[in-house]
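S.K.: Input: one structure, supplied below.
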Amino acid sequence: MTKKLFETLGQKSVQFRWLVVALWLGLIIAVTFLPSLSSVVQTQNSNFLPSSTPSVKATNLAKPLESVNGTSLLVIGKSLGNQPLNLQDLNTIHNLETDIKKLPLVRSIHQMAISPNRNAMIIKVVANFGKMNIAAATALNQAVLQQLSQTNHTPSDQPDIKRPSDVNFYLAGPLATEVAQQSQSTTTSNRAELFSILFILILLMLVFQSVLAPFLTLIPAFIVLYTVTPIIAELAQHNILQISSLTEILLIVLILGAGTDYGLFLVFRVREELRKGAQTKAAVQIALSRVGESITFSAATVIAAMLSLLLASFGIYHDLGVPLAIGIVLMLLAGTTLTPALLSIFGKATFWPRVVRQGPPKHGYWGRIATWIIKRPVMALVCGIVIVAGLSFGILGNKAAGLGTSSLVAPPGSDAAKGNAVLAADFPTTSINPTNIIFKFSKSVWVNPSVIEKVQNGIGRVPKLFTNPVGPLNPIGKFISTSTLLALHARLGPAARLPIIPPTLLDKTGSSDGSVGSLRTVKAEQNALFLYESYRATSSFIATGGHTIQVEVALTSGDPSSTAAVQDIPKIRNAVTHIAKQAGATASGVAGEAPALYDVSAISSSDLLHIIPILLIVLGLILMLLLRSLVAPLYLLASVALSYLAALGLSVIIFIYILGFNGLTFFLPFLMFLFILALGEDYNILMMTRIREESHNLPLTKAVTKAVSATGSTITSAGLILAGTFGVLVVAGAGANNSHQVQALGAGLALGILMDTFLIRTLLVPSTVILLGKANWWPASTMMASHDILSDKSRDIPHDTRSHLLNRESHKDHEPA
């Protein structure tokens, strides 16, 4: 039935070839009105975590502290002469705050900190969109930059021009860096696409030794890549899908890699049919009837693998599945309609300047390998298993790693890089990328202020984990007492409602100990300003109502994105729980980059463990349906699993033992398994369907020899191209902020595909087929001879007669026994 389907599809694609091309061109025109994929990318991993994870719970616990929640930009105001900020400077900052607050994407503004020498101030601009998407973040970034440019001094300013104050403003922090990095990531994606295309074209030209064949093989993949990304972006814009930067990169390599595979399957078979004497259009029809099933089931395994990601708990994996599955569905349609149409249009010119001459097939290199395997199947199988098992032991040295790159490493020359430099120079590390420790109390801290001291003192007593703690008692660096804090609260009211400039600095009454008192001298005025600024800054550390407080800390183990910081999270959480118990808090949590990355890594490992068996069952059912066997799918799946283990072990050896990485980034094992299992089955399917086809007419040993000889070049070329497509990420990722992650992923997937192509497909599978004999096809082994009436003799007769036999065979399939 499937053969008849693809015979009909091949016939219609050839008959209506110009219409098929026109329809695909129409799709290209239609998607030009849709948004780009880069405009809907979300870049924060924590946005993809389920609500049950501790880091998300901590973030929810901090909801009363508005400055902790929401996407936010940091604006730094710094005096030009490194002098302490005066009232004129504060007035300039106040005016800027007022202007920024009017921007449509801004929800609120908070004063976060003043530098130790009081020459700079951090203002946090909280956005009104909950989850960070790059389009909204870029718009906010540009709007704030425009406001800053109207206030800042520029090199062209004349010395005699009098400005209201000498303050310049900079954009800094994780969000500004994310925007700058995303621009660079888009460059990385474009570079990956360009390098992939160049690599594939060069390799295809070497394989075919022709001008047109490489382009006709790739054109359907180009068209699918061009059309599928706007379609996915449109779905994301309507909140049907969420898109991560990982989706953006993997979509490119998957479409180009899989699309080239499907094109090669068909083009090689067309050339084979032409050598048998078939005319061009007939060759295309026969080729599609033979490999259309292989292409379809190959695509089905990839689609099934991608859709299995819907079972993942981690949002990046969950949301990765549907976009990639949509891409493969469109690629399947193009591979079975557009590719045949193009081949029938260009005919034998496809292989110009080489001439495809009729004659018997040449066994060549792959024929010699097949002959050796047939004579020594046990040796071939043992050699393959020993190599794979040896490499697999490398997995024992693997450990989960953080992202390994600071979230504040912006591309050189960007606005974020300039702002981050000021941030690093004038503020303690706590202000740059803090880890937030949150506590919730049943009673307001304004009623029971002693808990604030207990919390800050408790954190200060754990120097092995925390450094530079900043909280309600030292919000701008210098400590104030709890009694002073209470007096300021009683006198000034809620800190969040205070303007940046004190209503008055004089004629206050109180004690002379520097808390709140007579402020008639300059020194007293400066002290009063410090107290006012300190109390106003507590709005970021004490929630309105006083039931929730937070302390910001730097981690002793280093940058929050580092492996050491991520691995310290269990100890940090235990310490915070202990402090919360001593302070009488009803709830506590740790928020920030390091805890989010820890949860991402943990949930990624969990997803791998529970998705593996489901995916194996689904792919096993697909192979059983295709091969009509219960035996062959078992060792085919086992062979790809061995390929994955060997590739992962080799990755550990290269990246950890040789290159000195702290570990493999959390998503590498998961994505390696997914793609190697799904894409590795492409070559299993092509080889096994060809062995089954040949075994209808030949003894199994000869069928294996002929199948390996016929498919060897196709599988080798496809494997090299697919591995090279992933491998270009090693080159394309260079210079990006997360370059080592992209490079490790590309290298790991490339190693897996090469292992699958040259080891699994060369040694393990053919030798296993020989050793099992007819048992390969059980329970259908006894009926195989009745499924195909084409013999070797019928394959050598003129094509018209052969087509007649094919038609007669399809009719017989429906006749009663």
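Residue numbering restarts at 1 in every chain; chains get A, B, ... in the order shown in the structure tokens, and ligands count up from 1 in that same order.
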Show me, as a list of chain:residue names, the residues that have an atom within 7 Å of range 107-124 of chain A when counting only C-alpha atoms, minus same-chain residues fewer than 4 positions from it.
M.R.: A:Ser67, A:Ser72, A:Leu73, A:Leu74, A:Val75, A:Ile76, A:Gly77, A:Lys78, A:Ser79, A:Asn82, A:Gln83, A:Pro84, A:Leu85, A:Lys101, A:Asn128, A:Asp426, A:Phe427, A:Pro475, A:Ile476, A:Gly477, A:Ala537, A:Ser540
S.K.: Neighbouring residues of Thr301 in chain A were defined as those with any atom within 10 Å, considering only C-alpha atoms; residues of the same chain fewer than 6 positions away were excluded. Please report them as a list in words.
M.R.: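 Returned residues: Leu307, Leu615, Val618, Leu619, Gly620, Leu621, Ile622, Leu623, Leu677, Ala678, Leu679, Gly680, Glu681, Asp682 and Ile685 of chain A.
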S.K.: Enter the distance from CA of Thr339 in chain A to CA of Ser289 in chain A, in Å, rounded to one decimal.
M.R.: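 A separation of 13.6 Å between them.
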S.K.: Neighbouring residues of Leu492 in chain A were defined as those with any atom within 9 Å, considering only C-alpha atoms; residues of the same chain fewer than 6 positions away were excluded. Please report them as JSON, numbers by chain.
M.R.: {"A": [498, 532, 535]}
S.K.: Pick out the residues sitting within 7 Å of Asp89 in chain A, and hand them over as a ChimeraX atom specification; count only C-alpha atoms, and ignore anything fewer than 4 positions along from it in its own chain.
M.R.: /A:85,93,165-167
S.K.: Fewer than 6 positions away in the same chain doesn't count, so skip those; otherwise give me all residues within 9 Å of Leu148 in chain A, counting only C-alpha atoms, as number ranges by chain.
M.R.: A: 75, 96, 168-171
S.K.: Could you save the residues just selected, with N, CA and C atoms, as an mmCIF file, in the first residue's frame?
M.R.:
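What ended up in again.cif:
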data_model
loop_
_atom_site.group_PDB
_atom_site.id
_atom_site.type_symbol
_atom_site.label_atom_id
_atom_site.label_comp_id
_atom_site.auth_asym_id
_atom_site.auth_seq_id
_atom_site.Cartn_x
_atom_site.Cartn_y
_atom_site.Cartn_z
ATOM 1 N N VAL A 75 20.018 51.344 35.332
ATOM 2 C CA VAL A 75 20.536 52.620 34.839
ATOM 3 C C VAL A 75 21.483 53.160 35.905
ATOM 4 N N LEU A 96 15.151 62.417 35.271
ATOM 5 C CA LEU A 96 15.288 61.269 34.363
ATOM 6 C C LEU A 96 14.334 60.150 34.764
ATOM 7 N N ASN A 168 26.545 61.607 34.054
ATOM 8 C CA ASN A 168 26.298 60.821 32.856
ATOM 9 C C ASN A 168 25.618 59.513 33.242
ATOM 10 N N PHE A 169 24.804 58.982 32.329
ATOM 11 C CA PHE A 169 24.023 57.783 32.620
ATOM 12 C C PHE A 169 24.421 56.642 31.681
ATOM 13 N N TYR A 170 24.369 55.427 32.229
ATOM 14 C CA TYR A 170 24.756 54.234 31.476
ATOM 15 C C TYR A 170 23.702 53.144 31.684
ATOM 16 N N LEU A 171 23.579 52.301 30.688
ATOM 17 C CA LEU A 171 22.677 51.155 30.767
ATOM 18 C C LEU A 171 23.521 49.920 31.085
#
S.K.: Between A:Leu625, A:His610, A:Arg497, A:Arg461, which has the minimum distance to Ala575 in chain A (counting only C-alpha atoms)?
M.R.: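 Distance minimum relative to Ala575 in chain A lands on A:Arg461.
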S.K.: As a PyMOL selection string, please: the residues near Thr716 in chain A (cut-off 12 Å, only C-alpha atoms, same-chain neighbours under 2 positions excluded).
M.R.: chain A and resi 203-204+207+261+264-265+268+365-366+683+686-687+708-714+718-724+753-762
S.K.: Based on the selection just made, write N, CA and C atoms of those residues as a JSON list (two decimals), in the first residue's frame.
M.R.:
[["chain", "number", "residue", "atom", "x", "y", "z"],
["A", 203, "LEU", "N", 30.82, 19.80, -0.03],
["A", 203, "LEU", "CA", 30.83, 18.35, 0.08],
["A", 203, "LEU", "C", 29.97, 17.70, -1.00],
["A", 204, "LEU", "N", 28.82, 18.29, -1.30],
["A", 204, "LEU", "CA", 27.96, 17.74, -2.35],
["A", 204, "LEU", "C", 28.63, 17.83, -3.72],
["A", 207, "VAL", "N", 30.94, 15.00, -3.84],
["A", 207, "VAL", "CA", 30.23, 13.71, -3.96],
["A", 207, "VAL", "C", 29.70, 13.51, -5.38],
["A", 261, "ASP", "N", 19.76, 15.12, 3.87],
["A", 261, "ASP", "CA", 19.63, 13.66, 3.91],
["A", 261, "ASP", "C", 18.53, 13.18, 2.96],
["A", 264, "LEU", "N", 19.50, 13.61, -0.62],
["A", 264, "LEU", "CA", 20.50, 12.62, -1.06],
["A", 264, "LEU", "C", 19.86, 11.26, -1.29],
["A", 265, "PHE", "N", 18.95, 10.85, -0.39],
["A", 265, "PHE", "CA", 18.29, 9.56, -0.57],
["A", 265, "PHE", "C", 17.66, 9.47, -1.96],
["A", 268, "PHE", "N", 20.47, 10.07, -5.18],
["A", 268, "PHE", "CA", 21.28, 8.88, -5.42],
["A", 268, "PHE", "C", 20.47, 7.77, -6.07],
["A", 365, "TYR", "N", 34.29, 0.43, -2.95],
["A", 365, "TYR", "CA", 34.80, 0.37, -1.58],
["A", 365, "TYR", "C", 33.79, -0.29, -0.64],
["A", 366, "TRP", "N", 32.53, 0.13, -0.74],
["A", 366, "TRP", "CA", 31.52, -0.40, 0.18],
["A", 366, "TRP", "C", 31.21, -1.86, -0.11],
["A", 683, "TYR", "N", 19.52, 6.46, 8.80],
["A", 683, "TYR", "CA", 20.43, 5.58, 8.06],
["A", 683, "TYR", "C", 20.08, 4.11, 8.29],
["A", 686, "LEU", "N", 17.14, 3.55, 5.86],
["A", 686, "LEU", "CA", 17.55, 3.45, 4.46],
["A", 686, "LEU", "C", 18.21, 2.11, 4.19],
["A", 687, "MET", "N", 19.12, 1.70, 5.08],
["A", 687, "MET", "CA", 19.83, 0.44, 4.85],
["A", 687, "MET", "C", 18.91, -0.77, 4.99],
["A", 708, "VAL", "N", 24.44, -2.78, 1.09],
["A", 708, "VAL", "CA", 25.52, -1.97, 1.64],
["A", 708, "VAL", "C", 26.26, -1.24, 0.53],
["A", 709, "SER", "N", 26.49, -1.93, -0.60],
["A", 709, "SER", "CA", 27.16, -1.29, -1.73],
["A", 709, "SER", "C", 26.33, -0.14, -2.29],
["A", 710, "ALA", "N", 25.02, -0.35, -2.39],
["A", 710, "ALA", "CA", 24.15, 0.66, -3.00],
["A", 710, "ALA", "C", 23.93, 1.85, -2.09],
["A", 711, "THR", "N", 23.83, 1.60, -0.78],
["A", 711, "THR", "CA", 23.51, 2.70, 0.14],
["A", 711, "THR", "C", 24.74, 3.29, 0.83],
["A", 712, "GLY", "N", 25.90, 2.63, 0.68],
["A", 712, "GLY", "CA", 27.10, 3.07, 1.38],
["A", 712, "GLY", "C", 27.47, 4.50, 1.09],
["A", 713, "SER", "N", 27.49, 4.86, -0.20],
["A", 713, "SER", "CA", 27.85, 6.23, -0.58],
["A", 713, "SER", "C", 26.82, 7.23, -0.08],
["A", 714, "THR", "N", 25.54, 6.85, -0.17],
["A", 714, "THR", "CA", 24.47, 7.73, 0.29],
["A", 714, "THR", "C", 24.58, 8.00, 1.78],
["A", 718, "ALA", "N", 25.58, 11.48, 3.46],
["A", 718, "ALA", "CA", 24.59, 12.09, 4.34],
["A", 718, "ALA", "C", 25.13, 12.25, 5.75],
["A", 719, "GLY", "N", 25.85, 11.24, 6.25],
["A", 719, "GLY", "CA", 26.41, 11.32, 7.59],
["A", 719, "GLY", "C", 27.45, 12.41, 7.72],
["A", 720, "LEU", "N", 28.32, 12.52, 6.71],
["A", 720, "LEU", "CA", 29.34, 13.57, 6.73],
["A", 720, "LEU", "C", 28.70, 14.96, 6.69],
["A", 721, "ILE", "N", 27.66, 15.08, 5.87],
["A", 721, "ILE", "CA", 27.00, 16.39, 5.75],
["A", 721, "ILE", "C", 26.27, 16.74, 7.04],
["A", 722, "LEU", "N", 25.56, 15.77, 7.62],
["A", 722, "LEU", "CA", 24.82, 16.04, 8.85],
["A", 722, "LEU", "C", 25.79, 16.35, 9.99],
["A", 723, "ALA", "N", 26.87, 15.56, 10.09],
["A", 723, "ALA", "CA", 27.87, 15.81, 11.12],
["A", 723, "ALA", "C", 28.53, 17.17, 10.90],
["A", 724, "GLY", "N", 28.83, 17.48, 9.63],
["A", 724, "GLY", "CA", 29.44, 18.77, 9.33],
["A", 724, "GLY", "C", 28.51, 19.92, 9.63],
["A", 753, "ILE", "N", 26.93, 11.53, 15.21],
["A", 753, "ILE", "CA", 26.53, 11.19, 13.83],
["A", 753, "ILE", "C", 27.65, 10.44, 13.12],
["A", 754, "LEU", "N", 28.90, 10.87, 13.30],
["A", 754, "LEU", "CA", 30.04, 10.18, 12.67],
["A", 754, "LEU", "C", 30.17, 8.76, 13.22],
["A", 755, "MET", "N", 29.99, 8.62, 14.54],
["A", 755, "MET", "CA", 30.05, 7.30, 15.15],
["A", 755, "MET", "C", 28.97, 6.40, 14.56],
["A", 756, "ASP", "N", 27.80, 6.95, 14.39],
["A", 756, "ASP", "CA", 26.68, 6.18, 13.85],
["A", 756, "ASP", "C", 26.93, 5.81, 12.40],
["A", 757, "THR", "N", 27.49, 6.73, 11.63],
["A", 757, "THR", "CA", 27.69, 6.51, 10.20],
["A", 757, "THR", "C", 28.78, 5.49, 9.91],
["A", 758, "PHE", "N", 29.92, 5.63, 10.55],
["A", 758, "PHE", "CA", 31.09, 4.84, 10.17],
["A", 758, "PHE", "C", 31.34, 3.62, 11.06],
["A", 759, "LEU", "N", 30.73, 3.59, 12.22],
["A", 759, "LEU", "CA", 30.95, 2.44, 13.10],
["A", 759, "LEU", "C", 29.70, 1.57, 13.20],
["A", 760, "ILE", "N", 28.60, 2.19, 13.60],
["A", 760, "ILE", "CA", 27.36, 1.42, 13.79],
["A", 760, "ILE", "C", 26.85, 0.88, 12.46],
["A", 761, "ARG", "N", 26.73, 1.78, 11.49],
["A", 761, "ARG", "CA", 26.17, 1.37, 10.21],
["A", 761, "ARG", "C", 27.13, 0.50, 9.40],
["A", 762, "THR", "N", 28.44, 0.62, 9.65],
["A", 762, "THR", "CA", 29.43, -0.13, 8.89],
["A", 762, "THR", "C", 29.67, -1.52, 9.46]]
S.K.: For CA of Leu65 in chain A and CA of Leu597 in chain A, determine how far apart the two atoms are, in Å to one decimal place.
M.R.: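 Distance between the two atoms: 21.9 Å.
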S.K.: Between A:Glu694, A:Glu293, A:Glu593, A:Asp599, which one has atoms that come closest to Pro174 in chain A, using only C-alpha atoms?
M.R.: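 Going through A:Glu694, A:Glu293, A:Glu593, A:Asp599 one by one, the smallest distance to Pro174 in chain A is for A:Glu593.
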S.K.: So the first atom is CA of Gln147 in chain A and the second is CA of Thr544 in chain A; what is the distance between them in Å, to one decimal place?
M.R.: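 For CA of Gln147 in chain A relative to CA of Thr544 in chain A, the distance reads 29.3 Å.
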S.K.: Need to verify the contact set: Ile656 in chain A, 12 Å, only C-alpha atoms, exclusion of same-chain residues closer than 3 positions in sequence. Can you return it as a ChimeraX atom specification?
M.R.: /A:394-401,648-653,659-665,744
S.K.: If you keep N, CA, C and O atoms, can you produce a file of those selected residues as a compact mmCIF listing (two decimals), in the first residue's frame?
M.R.:
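Resulting contents of selection.txt:
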# COMPACT_ATOMS: atom_id res chain seq x y z
N GLY A 394 33.85 6.64 29.17
CA GLY A 394 34.16 8.05 29.42
C GLY A 394 33.03 8.77 30.14
O GLY A 394 33.27 9.78 30.82
N ILE A 395 31.81 8.25 30.05
CA ILE A 395 30.65 8.89 30.68
C ILE A 395 30.83 8.98 32.19
O ILE A 395 30.33 9.90 32.84
N LEU A 396 31.59 8.04 32.75
CA LEU A 396 31.76 8.01 34.21
C LEU A 396 32.43 9.28 34.73
O LEU A 396 32.29 9.62 35.90
N GLY A 397 33.14 9.99 33.87
CA GLY A 397 33.80 11.22 34.29
C GLY A 397 32.98 12.46 34.08
O GLY A 397 33.46 13.58 34.33
N ASN A 398 31.74 12.30 33.64
CA ASN A 398 30.92 13.48 33.36
C ASN A 398 30.32 14.05 34.64
O ASN A 398 30.02 13.32 35.58
N LYS A 399 30.15 15.37 34.64
CA LYS A 399 29.42 16.04 35.72
C LYS A 399 28.74 17.26 35.13
O LYS A 399 29.23 17.85 34.16
N ALA A 400 27.60 17.60 35.71
CA ALA A 400 26.83 18.73 35.19
C ALA A 400 27.58 20.03 35.44
O ALA A 400 28.16 20.24 36.50
N ALA A 401 27.57 20.90 34.46
CA ALA A 401 28.26 22.18 34.57
C ALA A 401 27.27 23.32 34.46
O ALA A 401 26.18 23.16 33.91
N LEU A 648 28.81 10.37 23.74
CA LEU A 648 28.83 11.13 24.99
C LEU A 648 30.13 10.87 25.75
O LEU A 648 30.75 11.79 26.29
N GLY A 649 30.56 9.61 25.78
CA GLY A 649 31.82 9.28 26.43
C GLY A 649 32.99 9.97 25.76
O GLY A 649 33.90 10.49 26.44
N LEU A 650 33.00 10.01 24.43
CA LEU A 650 34.08 10.68 23.70
C LEU A 650 34.04 12.18 23.96
O LEU A 650 35.09 12.83 24.08
N SER A 651 32.84 12.76 24.08
CA SER A 651 32.71 14.18 24.39
C SER A 651 33.30 14.50 25.76
O SER A 651 33.97 15.52 25.94
N VAL A 652 33.04 13.60 26.74
CA VAL A 652 33.61 13.79 28.08
C VAL A 652 35.14 13.75 28.02
O VAL A 652 35.83 14.59 28.62
N ILE A 653 35.66 12.79 27.28
CA ILE A 653 37.12 12.66 27.16
C ILE A 653 37.72 13.92 26.54
O ILE A 653 38.73 14.46 27.03
N LEU A 659 40.41 19.17 27.16
CA LEU A 659 40.29 20.63 27.10
C LEU A 659 40.10 21.26 28.48
O LEU A 659 40.14 22.49 28.60
N GLY A 660 39.85 20.45 29.50
CA GLY A 660 39.80 20.98 30.86
C GLY A 660 38.51 21.66 31.26
O GLY A 660 38.50 22.44 32.21
N PHE A 661 37.38 21.37 30.59
CA PHE A 661 36.11 21.93 31.01
C PHE A 661 35.74 21.39 32.39
O PHE A 661 36.12 20.28 32.76
N ASN A 662 34.97 22.18 33.16
CA ASN A 662 34.51 21.72 34.47
C ASN A 662 33.44 20.63 34.36
O ASN A 662 33.20 19.88 35.31
N GLY A 663 32.79 20.56 33.23
CA GLY A 663 31.75 19.57 33.01
C GLY A 663 31.03 19.89 31.72
O GLY A 663 31.31 20.90 31.07
N LEU A 664 30.12 19.00 31.31
CA LEU A 664 29.32 19.25 30.11
C LEU A 664 28.08 20.03 30.51
O LEU A 664 27.42 19.70 31.49
N THR A 665 27.78 21.07 29.77
CA THR A 665 26.63 21.90 30.08
C THR A 665 25.35 21.06 30.10
O THR A 665 25.24 20.06 29.37
N ALA A 744 30.39 22.94 22.23
CA ALA A 744 30.31 21.59 22.80
C ALA A 744 29.11 20.84 22.24
O ALA A 744 29.20 19.64 21.93
S.K.: Using only C-alpha atoms, which residue out of A:Lys4, A:Lys440, A:His318, A:Arg573 lies closest to Arg290 in chain A?
M.R.: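 The answer is A:Lys4, which sits nearest to Arg290 in chain A.
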